[in-house]
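S.K.: Input query-v7.pdb, format and content: PDB, C-alpha atoms and all ligand atoms.
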```pdb
ATOM      1  CA  MET A   1      80.434 115.327  88.225
ATOM      2  CA  ARG A   2      78.774 112.136  86.968
ATOM      3  CA  THR A   3      79.379 108.920  88.861
ATOM      4  CA  GLU A   4      80.620 107.267  85.640
ATOM      5  CA  ASP A   5      83.596 109.597  85.859
ATOM      6  CA  LEU A   6      84.695 107.741  88.946
ATOM      7  CA  GLU A   7      85.120 104.426  87.221
ATOM      8  CA  VAL A   8      88.605 103.046  86.854
ATOM      9  CA  ASN A   9      90.301 103.024  83.460
ATOM     10  CA  GLU A  10      89.134  99.847  81.712
ATOM     11  CA  GLU A  11      92.486  99.070  80.087
ATOM     12  CA  GLU A  12      94.309  98.495  83.359
ATOM     13  CA  PRO A  13      93.351  95.542  85.562
ATOM     14  CA  ALA A  14      91.755  97.000  88.674
ATOM     15  CA  LEU A  15      93.716  96.846  91.889
ATOM     16  CA  ASN A  16      92.100  97.256  95.264
ATOM     17  CA  TRP A  17      94.540  99.877  96.356
ATOM     18  CA  PHE A  18      93.723  99.832 100.015
ATOM     19  CA  LYS A  19      93.454  96.110 100.515
ATOM     20  CA  GLY A  20      96.310  95.435  98.120
ATOM     21  CA  VAL A  21      98.843  98.002  99.297
ATOM     22  CA  TRP A  22      97.967 100.514 101.955
ATOM     23  CA  ASN A  23      96.200  98.316 104.438
ATOM     24  CA  LEU A  24      98.719  95.473 104.315
ATOM     25  CA  HIS A  25     100.544  94.853 107.563
ATOM     26  CA  ILE A  26     104.005  95.471 106.116
ATOM     27  CA  SER A  27     106.765  98.013 106.648
ATOM     28  CA  PRO A  28     106.381 101.529 105.176
ATOM     29  CA  LYS A  29     109.462 100.852 103.027
ATOM     30  CA  ILE A  30     107.786  97.868 101.377
ATOM     31  CA  LYS A  31     104.527  99.792 101.026
ATOM     32  CA  MET A  32     106.390 102.522  99.182
ATOM     33  CA  PHE A  33     108.037  99.924  96.962
ATOM     34  CA  LEU A  34     104.664  98.337  96.119
ATOM     35  CA  TRP A  35     103.219 101.742  95.389
ATOM     36  CA  LYS A  36     106.028 102.492  92.941
ATOM     37  CA  LEU A  37     105.741  99.039  91.426
ATOM     38  CA  PHE A  38     102.043  99.390  90.687
ATOM     39  CA  GLN A  39     102.593 102.935  89.430
ATOM     40  CA  LYS A  40     105.173 101.460  87.026
ATOM     41  CA  ALA A  41     107.732 103.754  88.586
ATOM     42  CA  ILE A  42     110.539 101.287  89.202
ATOM     43  CA  PRO A  43     113.332 101.137  86.648
ATOM     44  CA  VAL A  44     112.932  97.725  84.994
ATOM     45  CA  GLY A  45     114.382  97.267  81.495
ATOM     46  CA  GLU A  46     111.129  97.906  79.628
ATOM     47  CA  ILE A  47     110.551 101.231  81.399
ATOM     48  CA  LEU A  48     114.182 102.320  80.900
ATOM     49  CA  VAL A  49     113.818 101.662  77.169
ATOM     50  CA  GLU A  50     110.514 103.584  77.026
ATOM     51  CA  ARG A  51     112.239 106.526  78.685
ATOM     52  CA  HIS A  52     115.250 106.294  76.338
ATOM     53  CA  ILE A  53     117.627 105.695  79.226
ATOM     54  CA  THR A  54     118.900 102.451  77.709
ATOM     55  CA  THR A  55     118.433 100.549  74.453
ATOM     56  CA  ASP A  56     118.788  97.103  76.011
ATOM     57  CA  GLY A  57     115.794  96.236  78.146
ATOM     58  CA  ARG A  58     116.401  92.484  78.348
ATOM     59  CA  CYS A  59     116.261  90.434  81.532
ATOM     60  CA  LYS A  60     119.792  89.672  82.715
ATOM     61  CA  ARG A  61     118.827  86.126  83.599
ATOM     62  CA  CYS A  62     116.889  84.903  80.585
ATOM     63  CA  GLY A  63     117.125  87.553  77.847
ATOM     64  CA  THR A  64     113.345  88.228  77.598
ATOM     65  CA  LEU A  65     112.186  91.863  77.716
ATOM     66  CA  GLU A  66     112.284  92.809  81.382
ATOM     67  CA  SER A  67     108.772  94.094  82.090
ATOM     68  CA  ILE A  68     107.417  94.278  85.640
ATOM     69  CA  ASP A  69     105.279  91.184  85.017
ATOM     70  CA  HIS A  70     108.277  89.350  83.600
ATOM     71  CA  LEU A  71     110.680  90.200  86.388
ATOM     72  CA  PHE A  72     108.303  89.504  89.268
ATOM     73  CA  LEU A  73     106.204  86.636  87.918
ATOM     74  CA  GLN A  74     107.131  85.217  84.546
ATOM     75  CA  CYS A  75     110.922  84.934  84.635
ATOM     76  CA  PRO A  76     112.010  81.346  85.466
ATOM     77  CA  PHE A  77     113.787  82.792  88.533
ATOM     78  CA  ALA A  78     110.564  84.343  89.857
ATOM     79  CA  ARG A  79     108.446  81.311  88.960
ATOM     80  CA  LYS A  80     110.705  79.067  90.992
ATOM     81  CA  ILE A  81     110.459  81.348  94.027
ATOM     82  CA  TRP A  82     106.656  81.567  93.908
ATOM     83  CA  ARG A  83     106.398  77.799  93.455
ATOM     84  CA  ALA A  84     108.589  77.185  96.508
ATOM     85  CA  ALA A  85     106.881  79.816  98.715
ATOM     86  CA  PRO A  86     105.401  78.231 101.860
ATOM     87  CA  PHE A  87     101.792  79.002 101.002
ATOM     88  CA  VAL A  88      99.074  76.600 102.133
ATOM     89  CA  SER A  89      97.807  76.371  98.559
ATOM     90  CA  THR A  90     100.263  76.604  95.689
ATOM     91  CA  PHE A  91     100.312  79.644  93.467
ATOM     92  CA  GLU A  92      99.814  78.728  89.815
ATOM     93  CA  ASN A  93     101.917  81.207  87.924
ATOM     94  CA  SER A  94     102.222  79.639  84.535
ATOM     95  CA  GLY A  95     101.596  81.604  81.341
ATOM     96  CA  LEU A  96     101.586  85.346  80.854
ATOM     97  CA  ILE A  97      99.883  86.358  84.078
ATOM     98  CA  ASP A  98     100.124  89.965  85.224
ATOM     99  CA  LEU A  99     100.877  91.225  88.681
ATOM    100  CA  LYS A 100      97.901  93.546  89.125
ATOM    101  CA  SER A 101      95.422  90.759  88.313
ATOM    102  CA  VAL A 102      96.952  88.179  90.650
ATOM    103  CA  TRP A 103      98.009  90.497  93.446
ATOM    104  CA  SER A 104      94.915  90.261  95.659
ATOM    105  CA  ASN A 105      95.026  86.479  95.271
ATOM    106  CA  LEU A 106      98.680  86.448  96.357
ATOM    107  CA  CYS A 107      97.947  88.655  99.352
ATOM    108  CA  GLU A 108      95.143  86.360 100.492
ATOM    109  CA  LYS A 109      97.367  83.287 100.490
ATOM    110  CA  ASN A 110      97.977  81.910 103.930
ATOM    111  CA  CYS A 111     101.388  80.581 104.861
ATOM    112  CA  VAL A 112     101.917  77.156 106.404
ATOM    113  CA  PRO A 113     101.820  77.465 110.225
ATOM    114  CA  PRO A 114     105.558  77.046 111.044
ATOM    115  CA  THR A 115     106.383  80.323 109.270
ATOM    116  CA  GLY A 116     104.234  82.272 111.742
ATOM    117  CA  LEU A 117     103.069  84.576 108.964
ATOM    118  CA  VAL A 118      99.483  85.388 108.073
ATOM    119  CA  SER A 119      98.060  86.206 104.671
ATOM    120  CA  GLY A 120      99.388  89.324 102.992
ATOM    121  CA  GLN A 121     102.628  89.279 104.959
ATOM    122  CA  LEU A 122     104.886  87.278 102.696
ATOM    123  CA  ALA A 123     104.060  88.140  99.072
ATOM    124  CA  PRO A 124     105.207  91.794  99.340
ATOM    125  CA  TRP A 125     108.563  90.695 100.793
ATOM    126  CA  ILE A 126     109.018  88.172  97.995
ATOM    127  CA  LEU A 127     108.580  90.950  95.440
ATOM    128  CA  TRP A 128     111.073  93.089  97.334
ATOM    129  CA  HIS A 129     113.693  90.338  97.450
ATOM    130  CA  ILE A 130     113.229  89.522  93.762
ATOM    131  CA  TRP A 131     113.962  93.206  93.147
ATOM    132  CA  CYS A 132     117.018  93.153  95.459
ATOM    133  CA  ALA A 133     118.357  89.976  93.795
ATOM    134  CA  ARG A 134     117.942  91.569  90.377
ATOM    135  CA  ASN A 135     119.810  94.715  91.464
ATOM    136  CA  GLN A 136     122.606  92.742  93.071
ATOM    137  CA  LEU A 137     123.041  90.783  89.850
ATOM    138  CA  ILE A 138     123.090  93.880  87.655
ATOM    139  CA  PHE A 139     125.076  96.278  89.815
ATOM    140  CA  GLU A 140     127.333  93.962  91.801
ATOM    141  CA  GLY A 141     127.514  90.919  89.539
ATOM    142  CA  LYS A 142     126.373  88.853  92.533
ATOM    143  CA  THR A 143     124.196  85.814  91.893
ATOM    144  CA  ILE A 144     121.605  84.943  94.495
ATOM    145  CA  THR A 145     119.789  81.643  94.132
ATOM    146  CA  GLU A 146     116.017  81.335  94.216
ATOM    147  CA  GLU A 147     116.279  79.529  97.574
ATOM    148  CA  GLU A 148     118.390  82.331  99.060
ATOM    149  CA  ALA A 149     116.027  85.042  97.831
ATOM    150  CA  LEU A 150     113.020  83.198  99.261
ATOM    151  CA  THR A 151     114.758  82.579 102.596
ATOM    152  CA  LYS A 152     115.629  86.277 102.822
ATOM    153  CA  ALA A 153     112.007  87.230 102.103
ATOM    154  CA  ILE A 154     110.649  84.868 104.766
ATOM    155  CA  THR A 155     113.240  85.996 107.348
ATOM    156  CA  ALA A 156     112.574  89.696 106.678
ATOM    157  CA  ALA A 157     108.803  89.208 106.873
ATOM    158  CA  LYS A 158     109.099  87.293 110.161
ATOM    159  CA  GLU A 159     111.530  89.782 111.683
ATOM    160  CA  TRP A 160     109.402  92.775 110.830
ATOM    161  CA  THR A 161     106.215  91.095 112.025
ATOM    162  CA  SER A 162     107.701  89.994 115.363
ATOM    163  CA  ASN A 163     109.199  93.474 115.957
ATOM    164  CA  GLN A 164     105.737  94.931 115.497
ATOM    165  CA  GLU A 165     104.212  92.456 117.915
ATOM    166  CA  GLN A 166     106.760  93.316 120.611
ATOM    167  CA  ARG A 167     105.935  97.007 120.475
ATOM    168  CA  PRO A 168     103.517  98.239 123.137
ATOM    169  CA  PRO A 169     100.116  98.954 121.653
ATOM    170  CA  PRO A 170      99.481 102.664 120.949
ATOM    171  CA  PRO A 171      97.531 104.559 123.635
ATOM    172  CA  ARG A 172      93.799 104.150 123.178
ATOM    173  CA  LYS A 173      91.029 106.583 123.770
ATOM    174  CA  ILE A 174      88.358 105.329 126.164
ATOM    175  CA  PRO A 175      85.878 104.124 125.072
ATOM    176  CA  PRO A 176      87.501 102.675 121.953
ATOM    177  CA  ARG A 177      85.912 103.765 118.733
ATOM    178  CA  PRO A 178      83.758 101.267 116.833
ATOM    179  CA  GLN A 179      85.707  99.471 114.127
ATOM    180  CA  THR A 180      83.720 100.583 111.105
ATOM    181  CA  MET A 181      84.928 103.053 108.547
ATOM    182  CA  THR A 182      81.723 105.044 108.951
ATOM    183  CA  ASN A 183      82.723 105.832 112.526
ATOM    184  CA  CYS A 184      85.896 107.725 111.888
ATOM    185  CA  ASP A 185      87.169 111.259 111.689
ATOM    186  CA  VAL A 186      86.452 113.084 108.467
ATOM    187  CA  LEU A 187      88.663 115.374 106.431
ATOM    188  CA  ASN A 188      87.036 117.592 103.811
ATOM    189  CA  SER A 189      89.439 119.402 101.516
ATOM    190  CA  ASP A 190      89.003 121.761  98.616
ATOM    191  CA  ALA A 191      90.984 124.302  96.620
ATOM    192  CA  ALA A 192      90.252 127.521  94.758
ATOM    193  CA  TRP A 193      92.684 128.309  91.958
ATOM    194  CA  ARG A 194      93.212 131.317  89.719
ATOM    195  CA  ALA A 195      94.880 130.650  86.350
ATOM    196  CA  SER A 196      95.796 134.332  85.817
ATOM    197  CA  ASN A 197      98.161 134.486  88.803
ATOM    198  CA  LEU A 198      98.713 130.748  89.498
ATOM    199  CA  THR A 199      97.623 131.258  93.066
ATOM    200  CA  ALA A 200      95.656 128.727  95.065
ATOM    201  CA  GLY A 201      93.682 128.968  98.247
ATOM    202  CA  LEU A 202      93.628 125.631 100.072
ATOM    203  CA  GLY A 203      90.930 124.919 102.600
ATOM    204  CA  TRP A 204      90.239 121.896 104.771
ATOM    205  CA  MET A 205      87.993 120.963 107.619
ATOM    206  CA  ILE A 206      88.576 118.169 110.104
ATOM    207  CA  LYS A 207      85.542 116.750 111.881
ATOM    208  CA  THR A 208      86.178 114.631 114.974
ATOM    209  CA  GLN A 209      83.988 113.610 117.886
ATOM    210  CA  GLU A 210      85.322 116.649 119.746
ATOM    211  CA  GLY A 211      84.194 119.063 117.058
ATOM    212  CA  SER A 212      85.311 120.596 113.822
ATOM    213  CA  SER A 213      88.435 122.620 112.961
ATOM    214  CA  ASP A 214      89.015 124.794 109.896
ATOM    215  CA  PHE A 215      92.321 125.382 108.146
ATOM    216  CA  THR A 216      93.445 127.468 105.180
ATOM    217  CA  LEU A 217      96.727 127.910 103.396
ATOM    218  CA  PRO A 218      97.428 130.331 100.535
ATOM    219  CA  THR A 219      99.847 128.765  98.051
ATOM    220  CA  PRO A 220     101.660 130.556  95.212
ATOM    221  CA  LEU A 221     102.867 129.090  91.908
ATOM    222  CA  VAL A 222     100.380 126.252  91.588
ATOM    223  CA  GLY A 223     100.193 124.945  88.020
ATOM    224  CA  SER A 224      96.607 123.731  87.826
ATOM    225  CA  ALA A 225      93.310 123.337  89.645
ATOM    226  CA  LEU A 226      93.957 119.594  89.949
ATOM    227  CA  ILE A 227      97.340 120.138  91.600
ATOM    228  CA  ALA A 228      95.680 122.599  93.987
ATOM    229  CA  GLU A 229      93.105 119.924  94.927
ATOM    230  CA  GLY A 230      95.919 117.440  95.549
ATOM    231  CA  LEU A 231      97.817 119.939  97.703
ATOM    232  CA  ALA A 232      94.694 120.678  99.771
ATOM    233  CA  LEU A 233      94.235 116.966 100.487
ATOM    234  CA  ARG A 234      97.922 116.512 101.308
ATOM    235  CA  GLU A 235      97.950 119.485 103.714
ATOM    236  CA  GLY A 236      94.725 118.234 105.282
ATOM    237  CA  MET A 237      96.244 114.796 105.846
ATOM    238  CA  THR A 238      99.318 116.443 107.391
ATOM    239  CA  SER A 239      97.055 118.222 109.903
ATOM    240  CA  CYS A 240      95.259 114.938 110.698
ATOM    241  CA  ARG A 241      98.595 113.232 111.265
ATOM    242  CA  ASP A 242      99.732 116.080 113.544
ATOM    243  CA  MET A 243      96.468 115.770 115.487
ATOM    244  CA  ARG A 244      97.295 112.052 115.895
ATOM    245  CA  LEU A 245      94.026 110.923 114.360
ATOM    246  CA  ARG A 246      94.085 107.206 113.523
ATOM    247  CA  LYS A 247      91.048 106.467 111.382
ATOM    248  CA  MET A 248      90.255 108.836 108.573
ATOM    249  CA  ARG A 249      87.812 109.266 105.772
ATOM    250  CA  CYS A 250      89.118 111.881 103.338
ATOM    251  CA  GLU A 251      86.508 113.516 101.143
ATOM    252  CA  SER A 252      87.088 115.700  98.110
ATOM    253  CA  ASP A 253      84.868 116.877  95.274
ATOM    254  CA  SER A 254      87.670 116.374  92.752
ATOM    255  CA  ALA A 255      86.660 113.160  90.987
ATOM    256  CA  GLN A 256      89.948 113.109  89.084
ATOM    257  CA  LEU A 257      92.010 113.254  92.276
ATOM    258  CA  ILE A 258      90.044 110.549  94.096
ATOM    259  CA  LYS A 259      90.003 108.337  91.025
ATOM    260  CA  THR A 260      93.773 108.642  90.633
ATOM    261  CA  ILE A 261      94.395 107.743  94.280
ATOM    262  CA  ASN A 262      91.951 104.853  94.409
ATOM    263  CA  SER A 263      92.908 103.304  91.091
ATOM    264  CA  GLY A 264      96.650 103.737  91.606
ATOM    265  CA  THR A 265      97.030 104.842  87.999
ATOM    266  CA  PHE A 266      99.923 107.054  87.024
ATOM    267  CA  HIS A 267      99.088 110.728  86.587
ATOM    268  CA  PRO A 268     102.064 112.886  85.563
ATOM    269  CA  GLU A 269     100.603 116.084  87.012
ATOM    270  CA  LEU A 270      99.873 114.503  90.379
ATOM    271  CA  TYR A 271     102.755 112.111  90.697
ATOM    272  CA  GLY A 272     104.784 113.818  93.452
ATOM    273  CA  ILE A 273     101.691 114.756  95.429
ATOM    274  CA  ILE A 274     100.218 111.243  95.286
ATOM    275  CA  SER A 275     103.550 109.908  96.448
ATOM    276  CA  ASP A 276     103.351 112.226  99.491
ATOM    277  CA  ILE A 277      99.743 111.171 100.097
ATOM    278  CA  CYS A 278     100.843 107.541 100.048
ATOM    279  CA  ASN A 279     103.616 108.238 102.559
ATOM    280  CA  LEU A 280     101.230 110.129 104.811
ATOM    281  CA  SER A 281      98.652 107.349 104.679
ATOM    282  CA  CYS A 282     101.120 105.070 106.493
ATOM    283  CA  PHE A 283     100.557 107.172 109.634
ATOM    284  CA  PHE A 284      96.921 106.086 109.921
ATOM    285  CA  ASP A 285      95.517 102.750 111.040
ATOM    286  CA  GLU A 286      92.820 103.077 108.425
ATOM    287  CA  ILE A 287      92.229 105.624 105.738
ATOM    288  CA  SER A 288      89.851 105.904 102.810
ATOM    289  CA  PHE A 289      89.344 108.457 100.057
ATOM    290  CA  SER A 290      85.879 109.282  98.771
ATOM    291  CA  TRP A 291      84.423 111.581  96.200
ATOM    292  CA  ILE A 292      81.573 113.792  97.378
ATOM    293  CA  SER A 293      79.486 116.324  95.481
ATOM    294  CA  ARG A 294      80.435 119.990  95.489
ATOM    295  CA  GLU A 295      77.251 120.660  97.396
ATOM    296  CA  LYS A 296      78.372 118.371 100.229
ATOM    297  CA  ASN A 297      81.829 119.926 100.234
ATOM    298  CA  LYS A 298      80.711 123.537 100.387
ATOM    299  CA  ALA A 299      82.178 124.311 103.816
ATOM    300  CA  ALA A 300      85.699 123.429 102.591
ATOM    301  CA  ASP A 301      84.979 125.183  99.292
ATOM    302  CA  LYS A 302      84.094 128.363 101.174
ATOM    303  CA  LEU A 303      87.328 128.197 103.192
ATOM    304  CA  ALA A 304      89.376 127.751 100.007
ATOM    305  CA  LYS A 305      87.666 130.659  98.219
ATOM    306  CA  LEU A 306      88.038 133.011 101.183
ATOM    307  CA  CYS A 307      91.691 132.042 101.423
ATOM    308  CA  LEU A 308      92.306 132.792  97.726
ATOM    309  CA  VAL A 309      90.486 136.133  97.837
ATOM    310  CA  GLY A 310      92.328 137.106 101.021
ATOM    311  CA  GLU A 311      95.678 136.239  99.470
ATOM    312  CA  GLU A 312      94.902 138.244  96.328
ATOM    313  CA  ALA A 313      93.912 141.267  98.414
ATOM    314  CA  PHE A 314      97.161 140.911 100.330
ATOM    315  CA  MET A 315      99.189 140.692  97.074
ATOM    316  CA  ALA A 316      97.403 143.810  95.709
ATOM    317  CA  ASP A 317      98.322 145.731  98.877
ATOM    318  CA  THR A 318     101.997 144.904  98.770
TER     319      THR A 318
HETATM  320 ZN    ZN A 401     113.986  86.660  82.947
END
```
Step by step, read the file and then write its structure as C-alpha cells.
Ligand SMILES: [Zn+2]

M.R.:
Amino acid sequence: MRTEDLEVNEEEPALNWFKGVWNLHISPKIKMFLWKLFQKAIPVGEILVERHITTDGRCKRCGTLESIDHLFLQCPFARKIWRAAPFVSTFENSGLIDLKSVWSNLCEKNCVPPTGLVSGQLAPWILWHIWCARNQLIFEGKTITEEEALTKAITAAKEWTSNQEQRPPPPRKIPPRPQTMTNCDVLNSDAAWRASNLTAGLGWMIKTQEGSSDFTLPTPLVGSALIAEGLALREGMTSCRDMRLRKMRCESDSAQLIKTINSGTFHPELYGIISDICNLSCFFDEISFSWISREKNKAADKLAKLCLVGEEAFMADT
C-alpha cells in the first residue's frame, strides 16, 4: 500500500479527529454527538431532503436551507450564541464558514476565568444545545432564546467538568507509564476473508509490558474484506478494554480502514463498525490508529489466516 493512499480526501476540510473529538474532555454522549455531526449523520433539513425523507429542508428560524454549517454557525440564532460565548478572544463567525474548518480553532478557545472552563470544554456543549434548541422548536413548538441556550451550554459544561473532578482518580500502576504515545500498549489486528463462503478469520495481538497475548475469532456472514478488517479492530479494542488497558496504539495494515477512522469521513460499508470503534475509544485515556505494512503485521495476519482455515475445516466436518 502506497503512503499516498493514506492521505485524506482533498474535497473535505481535514479534521484532526483525535484532538477535535476523541481526546476532548467531554462526556461520551457529547463525543458521540460530535462524531455523528462530523459524519453528517444527524438529521438536519439538508440531509433529510437528500435522503428523500422530507421535501422541505428549510431552517425553522430563518428559512435558509438547514445544512449543518447553517444550523450550527451561520444561522442568526447560532451567530448570536457564538458571539456571546465567554471566550477570551471573540469568535469571528461571519460569512459562509464551515464547521470542520473552524472546529479546532473553537476547541482551542479559552473561556474567561469565572466560568472555570478550559479550552475545548465549552464549544462542544454549545453545539449540543443549539441542536437541542432546534429540536425543541421543531418537535415541541418551544422557543428558547440565544441567551437561554448559551446558559444551558455553560451550566452543562461546568456540571460535567466538576463531576469529573470530584471522582477519585483511577488506580495507577506503579511506576506510572511515561506520557508519550510511543510508550503505550499496542494492538495489532488483521482479518482473512473468503468471498466464496463469506467467512472471516479475525486475529489480533495485544502487546503490553507484561507480554503479548493472541486472540482469534471465526466470524460467519461477513460481506467484505474491509468489513472483516473493521471487525478485527473492533474485537481487538474490546479485548483491550476488558484488560483495562488505558493507552493504546492500534495498528492495522488496512489503509482504507485507518484512513476512514482518522479522517472521520463517512463510509457506508463501515458505518456501524466505526460507530462502535468510536464508542469503544471512550474507554481509553489515549488511543491512536496507525497504518503499518503487511510485513510488520504478519503475526496478526498469521493468526487471522489460521483462524479462517480452522473454521473452514470445521465447517467441512459438520
Ligand atoms: Zn436559520

S.K.: Can you pull out the residues contacting Asp285 in chain A? Cut-off 9 Å, using all atoms listed in the file, and skip same-chain residues under 4 positions away; I want them as a ChimeraX atom specification.

M.R.: /A:23,245-248,281

S.K.: Can I get the residues close to ligand ZN 401 (chain A) as a CSV table (one decimal) with C-alpha atoms, keeping the file's coordinate frame, where close means within 12 Å and we count only C-alpha atoms and all ligand atoms?

M.R.:
```csv
chain,number,residue,atom,x,y,z
A,44,VAL,CA,112.9,97.7,85.0
A,45,GLY,CA,114.4,97.3,81.5
A,57,GLY,CA,115.8,96.2,78.1
A,58,ARG,CA,116.4,92.5,78.3
A,59,CYS,CA,116.3,90.4,81.5
A,60,LYS,CA,119.8,89.7,82.7
A,61,ARG,CA,118.8,86.1,83.6
A,62,CYS,CA,116.9,84.9,80.6
A,63,GLY,CA,117.1,87.6,77.8
A,64,THR,CA,113.3,88.2,77.6
A,65,LEU,CA,112.2,91.9,77.7
A,66,GLU,CA,112.3,92.8,81.4
A,67,SER,CA,108.8,94.1,82.1
A,68,ILE,CA,107.4,94.3,85.6
A,69,ASP,CA,105.3,91.2,85.0
A,70,HIS,CA,108.3,89.4,83.6
A,71,LEU,CA,110.7,90.2,86.4
A,72,PHE,CA,108.3,89.5,89.3
A,73,LEU,CA,106.2,86.6,87.9
A,74,GLN,CA,107.1,85.2,84.5
A,75,CYS,CA,110.9,84.9,84.6
A,76,PRO,CA,112.0,81.3,85.5
A,77,PHE,CA,113.8,82.8,88.5
A,78,ALA,CA,110.6,84.3,89.9
A,79,ARG,CA,108.4,81.3,89.0
A,80,LYS,CA,110.7,79.1,91.0
A,130,ILE,CA,113.2,89.5,93.8
A,134,ARG,CA,117.9,91.6,90.4
```

S.K.: With the PyMOL selection byres (((chain A and resi 294) around 12) and not hetatm) as the selection, what would be picked from this file? Answer as a list in words, please.

M.R.: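 After applying the PyMOL selection byres (((chain A and resi 294) around 12) and not hetatm), what remains is Met1, Arg2, Asn188, Ser189, Asp190, Ala191, Glu251, Ser252, Asp253, Ser254, Ala255, Trp291, Ile292, Ser293, Glu295, Lys296, Asn297, Lys298, Ala299, Ala300, Asp301 and Lys302 of chain A.
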
S.K.: Expand the PyMOL selection byres (((chain A and resi 149) around 8) and not hetatm) into the explicit residue set it covers here, and present it as number ranges by chain.

M.R.: A: 81, 126, 129-130, 133, 144-148, 150-153

S.K.: Next, the residues of the selection above should be written as a PDB file, in the coordinates of the input with C-alpha atoms.

M.R.:
```
ATOM      1  CA  ILE A  81     110.459  81.348  94.027  1.00  0.00           C
ATOM      2  CA  ILE A 126     109.018  88.172  97.995  1.00  0.00           C
ATOM      3  CA  HIS A 129     113.693  90.338  97.450  1.00  0.00           C
ATOM      4  CA  ILE A 130     113.229  89.522  93.762  1.00  0.00           C
ATOM      5  CA  ALA A 133     118.357  89.976  93.795  1.00  0.00           C
ATOM      6  CA  ILE A 144     121.605  84.943  94.495  1.00  0.00           C
ATOM      7  CA  THR A 145     119.789  81.643  94.132  1.00  0.00           C
ATOM      8  CA  GLU A 146     116.017  81.335  94.216  1.00  0.00           C
ATOM      9  CA  GLU A 147     116.279  79.529  97.574  1.00  0.00           C
ATOM     10  CA  GLU A 148     118.390  82.331  99.060  1.00  0.00           C
ATOM     11  CA  LEU A 150     113.020  83.198  99.261  1.00  0.00           C
ATOM     12  CA  THR A 151     114.758  82.579 102.596  1.00  0.00           C
ATOM     13  CA  LYS A 152     115.629  86.277 102.822  1.00  0.00           C
ATOM     14  CA  ALA A 153     112.007  87.230 102.103  1.00  0.00           C
TER      15      ALA A 153
END
```

S.K.: From the set A:Val112, A:Ile154, A:Ala313, A:Val222, which residue has the shortest atom-to-atom contact distance to Ala195 in chain A, counting all atoms listed in the file?

M.R.: A:Val222
